[in-house]
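Engineer: Handing you this structure, nothing more for now.
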Amino acid sequence: MSFGKIIFGDNQFLGINHASQQKAAVMQDQFRNIDEIVKVLGYAYEAGVRDFMFTTHDHFGGAFEEIARARMFPDMQYIPCIPYAHKYANALAENGIFTVVMSRLRAMSKRRVLSGVGKAALGDLGGMMQLLVEVELLMTKGLNVRGVFLQNVIFDLMMGMGGQGIIEKFHKYVGRIGLTPGYITMNHPMAQRMLCDEIGLEKPWICSNFNVAGFRMNPSQETVEQSYGNGKSRNIAMSIFASGMLSPQESVDYALARGGVDAVLFGSSKQANIVSNVERLLGRAGAAPARPAPQRESESVAQS
Amino acid sequence: MSILIVGGGKMGLSHLAILSGLIGHDRVAVCDPSRITRFIFKRFKVRTFASLEAALAAPVDWRGAIVATPTPSHFPIAKALLNRAIPCFIEKPLTLDVGLSEELAQLMAAKGGAVQLGLVLRFVAPFVKLRAIVQSQVLGKALSYQAHMLGNVITKPGTNWRSVFAQGGGCLQEYGPHLIDLCRYAFGDVAELRAASFGRTFSAEADDKIELDWQHASGSEGHLLLDWCDPSKRKSSLEFVVRFEKGVVRASNADIAIEIDDGAQIEAGARAALLAPVRPYQVNYYLRGEEYTLQLEAFLEMALGKQFLLNDSLRTDVAATIADGLAVDKLISAIAVKANIV
């Protein structure tokens, strides 16, 4: 299974800008309105992008319902990144752990919930991970989900804590339900070592920062370039524009001139930027379509 | 040899993961009285202890300790560690009582130990640059500044320690250490606290908002605003707007913007360096912001005598010492009195 060459991201919808708090605040206001989200997703779709990667923020619930109901963007493939950590942190502060857990679990069968909670109580954190995937995928009901990625906060935490066993269970579980697992990290070389050398996964998908400025490429730009280029993993480059600090062409040239970039993840709220970035990325890729022909029958799993 | 983390809460977990990523999770242990907390850490094969006494009695060569417990317990824990000359990393603030903070500073000096405070924002690249601009005087003297720290931490009336000043709660003791320390870090010691006031939004026995004016020994004048009940913030935001003789600098957690006055005389090389973009420093293991790793890399260098920091410029004169922690505690105490919180 493969993702498209270009994956549309969601930072703009959540008011995240790594280089400017002011820009971030403006975007946060704009995308309080669900219609604005659907409109910008439409720009990406029209430009030829067929993959959308997003964090499972409650904010998207309404937009997804609208998209599923109106059958918009029929070839779009969705890649949720779980969990949206702030959601749990905020909810915890507001309502306490019991309410949070119950509100998330309400929509699931009692048997599944009891099994997950039971496993967690017995210390089987891998079992809890399965429950987390199920809970987080509830919001994608009716969408063509293709993969599930672990957010960097949780993945990097697991990596630091030596939680290989939990990652392995996540990987197997996501594969078992017919989806492609992936990992977002701020530590690409370390992640590759753990996933490939320690767990023994075959060419896992890893998504990390990759940009000419070396922004958030840890421990160094050179080391990350090497781990991208060694062929052990399939790699999604993100922050290639390093939050707008570099010229777009310079940024794209860097990402595409080096080996090992299988896909590029970028987000933008402006149609002109979306179109020009897609053209730049595809221009270098030999004018290939943004994604191979859709194979939805075999590769997608409807959420039930 | 190992590093002991005292307190397995949110900060303890963050420190544990980062230290594990840096030196291996078999070289980090956690001490926490909660059985559930220890149970979860054991699932990750982390060595745990139910008490500090048990950890210190174990046959382990403790080369350093992280104190990440609620502030009222910092003093007895730090005292026990410093008595054994174990290098300590202590979360902010140092203690809730200036007298106790002074006692710890004296104990450290007497025992030849070492203490680093968890005043993490010192490692944020825009603030490192702001400080360099002040110290180099490339824009002339820093005349005055406004600094704010706003967030959405408290969203309804609370019933726990966070809403009780005497237990370490309130905006001044939670947000205050960060902003107050950054002011000292960039502009030097505070000479005179001129005015301070507080406001309440939700906390019955503590402050939710603080405003103050002061002057540094260098002559710079500062106006500070702290508010942890600002519903417009997704996460805490911290910003300085500084008026220099030759321009204005705005520095936040994420970026720094420099406006040079028309006609200001600045040598071309210095001007280019001033306007060069600032990027976060690289780290050996990233978890939740470079600064959290950088402060522990600095601590490990002190405790283990090995190099961890990838950027040499962060090695000296960045991490907060016990003297910095004591100075912050004194200022918090003075502000609380001036604003009539206590």
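Chains: A, B, ... in order of the structure tokens. Residues: from 1 per chain. Ligands: from 1, in order shown.
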With a distance cut-off of 10 Å and only C-alpha atoms, select the neighbouring residues of A:Met161, excluding the residue or stretch itself and same-chain residues fewer than 3 positions from it, and output the selection as a short mmCIF file (atom, residue, chain, number, x, y, z; two decimals) with N, CA and C atoms, in the first residue's frame.

Structural biologist:
```
data_model
loop_
_atom_site.label_atom_id
_atom_site.label_comp_id
_atom_site.auth_asym_id
_atom_site.auth_seq_id
_atom_site.Cartn_x
_atom_site.Cartn_y
_atom_site.Cartn_z
N PHE A 155 4.08 8.74 20.20
CA PHE A 155 5.08 7.82 19.65
C PHE A 155 6.47 8.10 20.23
N ASP A 156 6.86 9.37 20.26
CA ASP A 156 8.19 9.69 20.79
C ASP A 156 8.26 9.38 22.29
N LEU A 157 7.13 9.55 22.97
CA LEU A 157 7.08 9.20 24.40
C LEU A 157 7.32 7.69 24.57
N MET A 158 6.60 6.90 23.78
CA MET A 158 6.75 5.43 23.84
C MET A 158 8.19 5.03 23.53
N GLN A 164 8.54 -0.52 23.02
CA GLN A 164 8.51 -1.20 21.72
C GLN A 164 7.34 -2.16 21.59
N LEU B 13 6.88 12.32 34.46
CA LEU B 13 6.77 11.46 33.28
C LEU B 13 7.53 12.06 32.10
N SER B 14 7.36 13.37 31.92
CA SER B 14 8.07 14.06 30.84
C SER B 14 9.58 13.93 31.02
N LEU B 16 11.16 11.68 32.76
CA LEU B 16 11.55 10.27 32.64
C LEU B 16 11.73 9.88 31.17
N ALA B 17 10.76 10.28 30.33
CA ALA B 17 10.85 9.90 28.93
C ALA B 17 12.06 10.55 28.27
N ILE B 18 12.30 11.82 28.56
CA ILE B 18 13.43 12.50 27.93
C ILE B 18 14.75 11.91 28.40
N LEU B 19 14.87 11.71 29.71
CA LEU B 19 16.12 11.12 30.23
C LEU B 19 16.33 9.72 29.66
N SER B 20 15.23 8.95 29.56
CA SER B 20 15.34 7.60 29.00
C SER B 20 15.83 7.68 27.57
N GLY B 21 15.28 8.62 26.83
CA GLY B 21 15.70 8.80 25.44
C GLY B 21 17.16 9.21 25.34
N GLY B 24 19.07 6.04 28.13
CA GLY B 24 18.59 4.66 28.20
C GLY B 24 17.67 4.47 29.39
N HIS B 25 16.54 3.78 29.17
CA HIS B 25 15.54 3.74 30.24
C HIS B 25 15.93 2.82 31.40
N ASP B 26 16.98 2.06 31.23
CA ASP B 26 17.45 1.23 32.35
C ASP B 26 18.32 2.03 33.31
N VAL B 28 17.32 5.10 34.50
CA VAL B 28 16.47 6.09 35.14
C VAL B 28 15.49 5.36 36.05
N PHE B 41 4.53 2.57 35.61
CA PHE B 41 5.95 2.68 35.24
C PHE B 41 6.61 1.30 35.15
N PHE B 44 6.57 -0.39 31.91
CA PHE B 44 7.61 0.06 30.98
C PHE B 44 9.00 -0.37 31.46
N LYS B 45 9.00 -1.30 32.41
CA LYS B 45 10.26 -1.83 32.95
C LYS B 45 11.13 -0.75 33.57
N VAL B 46 10.47 0.26 34.16
CA VAL B 46 11.20 1.31 34.87
C VAL B 46 11.30 0.89 36.33
#
```

Engineer: Contacts of stretch 314-316 of chain B at 9 Å or less, counting only C-alpha atoms, minus same-chain residues fewer than 3 places along, as number ranges by chain?

Structural biologist: B: 123, 128, 294, 298, 301, 309-311, 319

Engineer: With C-alpha atoms kept, could you save the residues just selected as an mmCIF file, in the first residue's frame?

Structural biologist:
```cif
data_model
loop_
_atom_site.group_PDB
_atom_site.id
_atom_site.type_symbol
_atom_site.label_atom_id
_atom_site.label_comp_id
_atom_site.auth_asym_id
_atom_site.auth_seq_id
_atom_site.Cartn_x
_atom_site.Cartn_y
_atom_site.Cartn_z
ATOM 1 C CA PHE B 123 16.471 27.541 26.536
ATOM 2 C CA VAL B 128 18.285 33.397 24.141
ATOM 3 C CA LEU B 294 17.962 21.093 26.378
ATOM 4 C CA ALA B 298 22.529 20.685 30.479
ATOM 5 C CA GLU B 301 26.410 17.431 31.574
ATOM 6 C CA LEU B 309 24.315 19.611 24.324
ATOM 7 C CA LEU B 310 24.764 19.837 20.561
ATOM 8 C CA ASN B 311 25.171 23.613 20.650
ATOM 9 C CA ALA B 319 20.691 27.022 32.926
#
```

Engineer: Write out as a ChimeraX atom specification which residues come within 9 Å of stretch 272-274 of chain A when counting only C-alpha atoms, dropping same-chain ones fewer than 5 positions away.

Structural biologist: /A:43-44,47,266-267,279

Engineer: Write a file of the selected residues as a JSON list (two decimals), in the first residue's frame, keeping all heavy atoms.

Structural biologist:
```
[["chain", "number", "residue", "atom", "x", "y", "z"],
["A", 43, "TYR", "N", -10.20, 23.06, -2.18],
["A", 43, "TYR", "CA", -9.08, 23.63, -2.97],
["A", 43, "TYR", "C", -8.02, 22.55, -3.22],
["A", 43, "TYR", "O", -7.48, 22.41, -4.32],
["A", 43, "TYR", "CB", -8.41, 24.78, -2.24],
["A", 43, "TYR", "CG", -9.25, 26.02, -2.00],
["A", 43, "TYR", "CD1", -8.97, 26.87, -0.93],
["A", 43, "TYR", "CD2", -10.31, 26.35, -2.86],
["A", 43, "TYR", "CE1", -9.72, 28.02, -0.69],
["A", 43, "TYR", "CE2", -11.07, 27.50, -2.63],
["A", 43, "TYR", "CZ", -10.77, 28.32, -1.54],
["A", 43, "TYR", "OH", -11.50, 29.44, -1.31],
["A", 44, "ALA", "N", -7.71, 21.81, -2.14],
["A", 44, "ALA", "CA", -6.67, 20.77, -2.26],
["A", 44, "ALA", "C", -7.14, 19.67, -3.21],
["A", 44, "ALA", "O", -6.37, 19.18, -4.04],
["A", 44, "ALA", "CB", -6.35, 20.20, -0.88],
["A", 47, "ALA", "N", -6.95, 20.70, -6.74],
["A", 47, "ALA", "CA", -5.55, 20.78, -7.19],
["A", 47, "ALA", "C", -4.97, 19.39, -7.45],
["A", 47, "ALA", "O", -3.85, 19.28, -7.96],
["A", 47, "ALA", "CB", -4.71, 21.51, -6.15],
["A", 266, "PHE", "N", 1.90, 18.76, 3.40],
["A", 266, "PHE", "CA", 1.89, 20.20, 3.64],
["A", 266, "PHE", "C", 0.46, 20.69, 3.82],
["A", 266, "PHE", "O", -0.49, 20.06, 3.36],
["A", 266, "PHE", "CB", 2.60, 20.96, 2.51],
["A", 266, "PHE", "CG", 1.72, 21.26, 1.31],
["A", 266, "PHE", "CD1", 1.01, 22.47, 1.25],
["A", 266, "PHE", "CD2", 1.57, 20.35, 0.28],
["A", 266, "PHE", "CE1", 0.19, 22.74, 0.16],
["A", 266, "PHE", "CE2", 0.75, 20.62, -0.79],
["A", 266, "PHE", "CZ", 0.05, 21.82, -0.87],
["A", 267, "GLY", "N", 0.33, 21.79, 4.49],
["A", 267, "GLY", "CA", -0.99, 22.39, 4.68],
["A", 267, "GLY", "C", -0.94, 23.85, 4.33],
["A", 267, "GLY", "O", 0.12, 24.47, 4.39],
["A", 279, "GLU", "N", 1.81, 22.11, -7.84],
["A", 279, "GLU", "CA", 2.50, 22.15, -9.14],
["A", 279, "GLU", "C", 4.01, 22.01, -8.97],
["A", 279, "GLU", "O", 4.65, 21.27, -9.71],
["A", 279, "GLU", "CB", 2.17, 23.46, -9.87],
["A", 279, "GLU", "CG", 0.80, 23.37, -10.54],
["A", 279, "GLU", "CD", 0.34, 24.71, -11.09],
["A", 279, "GLU", "OE1", 1.08, 25.71, -10.95],
["A", 279, "GLU", "OE2", -0.77, 24.75, -11.64]]
```

Engineer: Identify which of the residues A:Ile206, A:Ala24, A:Ile7, A:Ile37 lies closest to chain B, counting only C-alpha atoms when measuring atom-to-atom distances.

Structural biologist: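 Of the candidates, the smallest distance to chain B is held by A:Ala24.
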
Engineer: Which is closer to B:Ser237 than all the others in B:Ile36, B:Leu121, B:Ala272, B:Leu143, using only C-alpha atoms?

Structural biologist: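 Closest to B:Ser237 of all the choices is B:Leu121.
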
Engineer: Can you tell me which residues surround stretch 190-203 of chain A at a distance of at most 6 Å, considering only C-alpha atoms, apart from same-chain residues fewer than 3 positions away, and format the answer as a list of chain:residue names?

Structural biologist: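 Near neighbours after the sequence-gap exclusion: A:Asn187, A:Lys232, A:Ser233, A:Arg234.
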
Engineer: Take the residues that were just selected and, keeping all heavy atoms, output them as a compact mmCIF listing (two decimals), in the first residue's frame.

Structural biologist:
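Okay, this is what ended up in part-v1.txt:
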```txt
# COMPACT_ATOMS: atom_id res chain seq x y z
N ASN A 187 12.20 12.58 15.77
CA ASN A 187 13.50 11.91 15.95
C ASN A 187 13.61 10.79 14.90
O ASN A 187 13.59 9.61 15.25
CB ASN A 187 13.61 11.31 17.35
CG ASN A 187 13.29 12.31 18.45
OD1 ASN A 187 14.12 13.15 18.79
ND2 ASN A 187 12.09 12.23 19.01
N LYS A 232 15.50 2.03 4.48
CA LYS A 232 14.89 1.13 5.47
C LYS A 232 13.42 1.46 5.74
O LYS A 232 12.68 0.62 6.20
CB LYS A 232 15.65 1.25 6.80
CG LYS A 232 16.98 0.54 6.82
CD LYS A 232 17.52 0.67 8.23
CE LYS A 232 18.78 -0.13 8.43
NZ LYS A 232 19.27 0.04 9.81
N SER A 233 13.05 2.73 5.51
CA SER A 233 11.67 3.13 5.80
C SER A 233 11.10 3.91 4.62
O SER A 233 11.84 4.35 3.75
CB SER A 233 11.65 4.03 7.05
OG SER A 233 12.52 5.13 6.90
N ARG A 234 9.76 4.02 4.60
CA ARG A 234 9.13 4.93 3.64
C ARG A 234 8.84 6.22 4.39
O ARG A 234 8.35 6.17 5.52
CB ARG A 234 7.87 4.29 3.07
CG ARG A 234 8.23 3.28 1.97
CD ARG A 234 7.06 2.45 1.57
NE ARG A 234 6.69 1.55 2.65
CZ ARG A 234 5.73 0.64 2.55
NH1 ARG A 234 5.04 0.51 1.44
NH2 ARG A 234 5.45 -0.14 3.57
```

Engineer: Dump as JSON lines the rows for residues of chain B within 6 Å of chain A: closest atom pair and distance in Å with one decimal, only C-alpha atoms counted, ordered by chain and rising residue number.

Structural biologist:
```
{"residue": "B:Ala17", "atom": "CA", "partner": "A:Gly160", "partner_atom": "CA", "distance": 4.8}
{"residue": "B:Ser20", "atom": "CA", "partner": "A:Gly160", "partner_atom": "CA", "distance": 5.3}
{"residue": "B:Gly21", "atom": "CA", "partner": "A:Gly160", "partner_atom": "CA", "distance": 4.2}
{"residue": "B:Ala254", "atom": "CA", "partner": "A:Ala19", "partner_atom": "CA", "distance": 5.7}
{"residue": "B:Asp255", "atom": "CA", "partner": "A:Ala19", "partner_atom": "CA", "distance": 5.8}
{"residue": "B:Gln282", "atom": "CA", "partner": "A:Asn218", "partner_atom": "CA", "distance": 5.6}
{"residue": "B:Val283", "atom": "CA", "partner": "A:Pro219", "partner_atom": "CA", "distance": 5.2}
{"residue": "B:Asn284", "atom": "CA", "partner": "A:Pro219", "partner_atom": "CA", "distance": 4.7}
{"residue": "B:Tyr286", "atom": "CA", "partner": "A:Met186", "partner_atom": "CA", "distance": 5.9}
{"residue": "B:Leu287", "atom": "CA", "partner": "A:Asp156", "partner_atom": "CA", "distance": 5.9}
```

Engineer: Okay, now the selection with N, CA, C and O atoms, as a PDB file, in the first residue's frame?

Structural biologist:
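Result written to selection02.pdb:
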```pdb
ATOM      1  N   ALA B  17      10.761  10.277  30.334  1.00  0.00           N
ATOM      2  CA  ALA B  17      10.847   9.901  28.928  1.00  0.00           C
ATOM      3  C   ALA B  17      12.061  10.547  28.270  1.00  0.00           C
ATOM      4  O   ALA B  17      12.784   9.896  27.503  1.00  0.00           O
ATOM      5  N   SER B  20      15.233   8.952  29.561  1.00  0.00           N
ATOM      6  CA  SER B  20      15.345   7.602  29.005  1.00  0.00           C
ATOM      7  C   SER B  20      15.829   7.680  27.567  1.00  0.00           C
ATOM      8  O   SER B  20      16.678   6.901  27.139  1.00  0.00           O
ATOM      9  N   GLY B  21      15.281   8.623  26.826  1.00  0.00           N
ATOM     10  CA  GLY B  21      15.702   8.801  25.437  1.00  0.00           C
ATOM     11  C   GLY B  21      17.161   9.210  25.337  1.00  0.00           C
ATOM     12  O   GLY B  21      17.841   8.885  24.365  1.00  0.00           O
ATOM     13  N   ALA B 254       7.682  31.450  20.238  1.00  0.00           N
ATOM     14  CA  ALA B 254       7.817  30.911  18.889  1.00  0.00           C
ATOM     15  C   ALA B 254       8.722  31.732  17.980  1.00  0.00           C
ATOM     16  O   ALA B 254       9.346  31.194  17.075  1.00  0.00           O
ATOM     17  N   ASP B 255       8.786  33.034  18.189  1.00  0.00           N
ATOM     18  CA  ASP B 255       9.540  33.838  17.223  1.00  0.00           C
ATOM     19  C   ASP B 255      10.066  35.133  17.834  1.00  0.00           C
ATOM     20  O   ASP B 255       9.707  35.499  18.951  1.00  0.00           O
ATOM     21  N   GLN B 282      18.895  22.123  17.981  1.00  0.00           N
ATOM     22  CA  GLN B 282      18.689  20.685  17.785  1.00  0.00           C
ATOM     23  C   GLN B 282      19.004  19.925  19.076  1.00  0.00           C
ATOM     24  O   GLN B 282      19.807  20.386  19.885  1.00  0.00           O
ATOM     25  N   VAL B 283      18.343  18.807  19.229  1.00  0.00           N
ATOM     26  CA  VAL B 283      18.505  18.019  20.456  1.00  0.00           C
ATOM     27  C   VAL B 283      18.717  16.546  20.109  1.00  0.00           C
ATOM     28  O   VAL B 283      18.392  16.111  19.010  1.00  0.00           O
ATOM     29  N   ASN B 284      19.233  15.800  21.069  1.00  0.00           N
ATOM     30  CA  ASN B 284      19.463  14.368  20.845  1.00  0.00           C
ATOM     31  C   ASN B 284      18.168  13.570  20.823  1.00  0.00           C
ATOM     32  O   ASN B 284      18.095  12.517  20.215  1.00  0.00           O
ATOM     33  N   TYR B 286      13.856  14.537  20.946  1.00  0.00           N
ATOM     34  CA  TYR B 286      12.794  15.541  21.065  1.00  0.00           C
ATOM     35  C   TYR B 286      11.528  14.884  21.587  1.00  0.00           C
ATOM     36  O   TYR B 286      11.106  13.855  21.063  1.00  0.00           O
ATOM     37  N   LEU B 287      10.923  15.491  22.598  1.00  0.00           N
ATOM     38  CA  LEU B 287       9.633  14.980  23.042  1.00  0.00           C
ATOM     39  C   LEU B 287       8.533  16.032  22.936  1.00  0.00           C
ATOM     40  O   LEU B 287       7.504  15.809  22.320  1.00  0.00           O
TER      41      LEU B 287
END
```

Engineer: Interatomic distance between atom CA of A:Leu143 and atom CA of A:Glu65?

Structural biologist: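 Computing the Euclidean distance for atom CA of A:Leu143 and atom CA of A:Glu65 yields 9.0 Å.
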
Engineer: From the list A:Asp10, A:Glu168, A:Asp58, A:Glu136, which residue is nearest A:Leu41 when using only C-alpha atoms?

Structural biologist: A:Asp10

Engineer: Write out as a list in words each polymer residue whose atoms come within 8 Å of stretch 152-169 of chain B, counting only C-alpha atoms; drop sequence neighbours fewer than 3 positions from it.

Structural biologist: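 The residues that qualify are Glu94 of chain A; Thr71, Pro72, Leu96, Gln173, Glu174, Phe202, Ser203, Ala204, Glu205, Ala206, Asp207, Trp228, Cys229, Asp230, Pro231, Ser232, Lys233, Arg234, Lys235 and Ser236 of chain B.
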
Engineer: Give me a file of those residues, with N, CA, C and O atoms, as an mmCIF file, in the first residue's frame.

Structural biologist:
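Once everything was written out, this is result_13.cif:
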```cif
data_model
loop_
_atom_site.group_PDB
_atom_site.id
_atom_site.type_symbol
_atom_site.label_atom_id
_atom_site.label_comp_id
_atom_site.auth_asym_id
_atom_site.auth_seq_id
_atom_site.Cartn_x
_atom_site.Cartn_y
_atom_site.Cartn_z
ATOM 1 N N GLU A 94 -11.113 19.776 32.568
ATOM 2 C CA GLU A 94 -12.488 20.272 32.696
ATOM 3 C C GLU A 94 -13.372 19.309 33.489
ATOM 4 O O GLU A 94 -14.125 19.714 34.352
ATOM 5 N N THR B 71 5.301 21.660 45.008
ATOM 6 C CA THR B 71 6.292 22.571 45.582
ATOM 7 C C THR B 71 6.466 22.458 47.105
ATOM 8 O O THR B 71 7.599 22.519 47.584
ATOM 9 N N PRO B 72 5.387 22.284 47.903
ATOM 10 C CA PRO B 72 5.603 22.223 49.356
ATOM 11 C C PRO B 72 6.591 21.130 49.794
ATOM 12 O O PRO B 72 7.200 21.240 50.847
ATOM 13 N N LEU B 96 8.319 27.505 48.639
ATOM 14 C CA LEU B 96 7.300 28.538 48.822
ATOM 15 C C LEU B 96 7.687 29.516 49.933
ATOM 16 O O LEU B 96 6.899 30.357 50.328
ATOM 17 N N GLN B 173 2.465 32.161 41.458
ATOM 18 C CA GLN B 173 3.412 31.082 41.783
ATOM 19 C C GLN B 173 3.525 30.032 40.674
ATOM 20 O O GLN B 173 4.490 29.273 40.633
ATOM 21 N N GLU B 174 2.514 29.961 39.783
ATOM 22 C CA GLU B 174 2.572 28.999 38.682
ATOM 23 C C GLU B 174 3.234 29.618 37.443
ATOM 24 O O GLU B 174 4.173 29.064 36.895
ATOM 25 N N PHE B 202 -11.444 33.066 39.077
ATOM 26 C CA PHE B 202 -12.074 31.848 39.594
ATOM 27 C C PHE B 202 -11.528 31.407 40.960
ATOM 28 O O PHE B 202 -12.203 30.719 41.707
ATOM 29 N N SER B 203 -10.268 31.739 41.248
ATOM 30 C CA SER B 203 -9.633 31.181 42.442
ATOM 31 C C SER B 203 -10.012 31.973 43.694
ATOM 32 O O SER B 203 -9.764 33.171 43.771
ATOM 33 N N ALA B 204 -10.600 31.291 44.663
ATOM 34 C CA ALA B 204 -11.092 31.972 45.859
ATOM 35 C C ALA B 204 -9.949 32.361 46.796
ATOM 36 O O ALA B 204 -10.011 33.383 47.467
ATOM 37 N N GLU B 205 -8.900 31.548 46.840
ATOM 38 C CA GLU B 205 -7.839 31.812 47.816
ATOM 39 C C GLU B 205 -6.487 32.069 47.150
ATOM 40 O O GLU B 205 -5.438 31.787 47.713
ATOM 41 N N ALA B 206 -6.554 32.549 45.912
ATOM 42 C CA ALA B 206 -5.301 32.868 45.220
ATOM 43 C C ALA B 206 -5.586 33.881 44.114
ATOM 44 O O ALA B 206 -6.734 34.209 43.835
ATOM 45 N N ASP B 207 -4.513 34.332 43.484
ATOM 46 C CA ASP B 207 -4.616 35.312 42.406
ATOM 47 C C ASP B 207 -4.766 34.606 41.057
ATOM 48 O O ASP B 207 -4.202 33.535 40.843
ATOM 49 N N TRP B 228 -3.824 33.644 33.974
ATOM 50 C CA TRP B 228 -3.977 32.235 33.559
ATOM 51 C C TRP B 228 -5.440 31.857 33.343
ATOM 52 O O TRP B 228 -5.777 30.693 33.297
ATOM 53 N N CYS B 229 -6.297 32.860 33.213
ATOM 54 C CA CYS B 229 -7.728 32.615 32.942
ATOM 55 C C CYS B 229 -8.148 33.294 31.645
ATOM 56 O O CYS B 229 -9.248 33.827 31.548
ATOM 57 N N ASP B 230 -7.303 33.308 30.639
ATOM 58 C CA ASP B 230 -7.638 33.982 29.388
ATOM 59 C C ASP B 230 -8.209 32.956 28.404
ATOM 60 O O ASP B 230 -7.478 32.140 27.847
ATOM 61 N N PRO B 231 -9.538 32.965 28.202
ATOM 62 C CA PRO B 231 -10.164 31.907 27.393
ATOM 63 C C PRO B 231 -9.787 31.957 25.917
ATOM 64 O O PRO B 231 -10.049 31.013 25.170
ATOM 65 N N SER B 232 -9.150 33.047 25.460
ATOM 66 C CA SER B 232 -8.814 33.130 24.038
ATOM 67 C C SER B 232 -7.542 32.354 23.704
ATOM 68 O O SER B 232 -7.169 32.243 22.542
ATOM 69 N N LYS B 233 -6.862 31.801 24.713
ATOM 70 C CA LYS B 233 -5.585 31.127 24.445
ATOM 71 C C LYS B 233 -5.744 29.610 24.399
ATOM 72 O O LYS B 233 -6.311 29.016 25.303
ATOM 73 N N ARG B 234 -5.219 29.002 23.322
ATOM 74 C CA ARG B 234 -5.234 27.547 23.210
ATOM 75 C C ARG B 234 -4.154 26.957 24.112
ATOM 76 O O ARG B 234 -4.332 25.930 24.746
ATOM 77 N N LYS B 235 -2.991 27.595 24.125
ATOM 78 C CA LYS B 235 -1.942 27.208 25.067
ATOM 79 C C LYS B 235 -1.272 28.486 25.550
ATOM 80 O O LYS B 235 -1.518 29.556 24.993
ATOM 81 N N SER B 236 -0.442 28.380 26.556
ATOM 82 C CA SER B 236 0.084 29.597 27.149
ATOM 83 C C SER B 236 0.952 30.359 26.149
ATOM 84 O O SER B 236 1.682 29.766 25.359
#
```

Engineer: Which of these residues is nearest to B:Ile266, using only C-alpha atoms: B:Lys129, B:Lys246, B:Arg84, B:Arg200?

Structural biologist: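 Going through B:Lys129, B:Lys246, B:Arg84, B:Arg200 one by one, the smallest distance to B:Ile266 is for B:Lys246.
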
Engineer: Please determine, counting only C-alpha atoms, which residue among A:Gly126, A:Gly142, A:Gly48, A:Pro204 has the shortest atom-to-atom distance to A:Ile184.

Structural biologist: A:Pro204

Engineer: Hey, what does DSSP flag as helix (DSSP H, G or I) within stretch 161-229 of chain A? Can you give it to me as a count of residues only?

Structural biologist: 33

Engineer: Identify all residues of stretch 137-296 of chain A in strand (DSSP E or B) (DSSP on the backbone) and supply them as a list in words.

Structural biologist: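 Of stretch 137-296 of chain A, only Val145, Gly147, Val148, Phe149, Leu150, Thr180, Pro181, Gly182, Tyr183, Ile184, Trp205, Ile206, Cys207, Ser208, Asn209, Arg234, Asn235, Ile236, Ala237, Met238, Val261, Asp262, Ala263, Val264, Leu265 and Phe266 of chain A fall in strand (DSSP E or B).
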
Engineer: When you draw a straight line from atom CA of A:Val145 to atom CA of A:Pro80, how long is it in Å?

Structural biologist: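 According to the coordinates, atom CA of A:Val145 and atom CA of A:Pro80 are separated by 7.7 Å.
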
Engineer: Choose the residue, out of B:Thr37, B:Ser2, B:Thr95, B:Gln295, that has the smallest atom-to-atom separation from B:Asp329; count only C-alpha atoms.

Structural biologist: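 Closest residue, counting only C-alpha atoms: B:Thr95.
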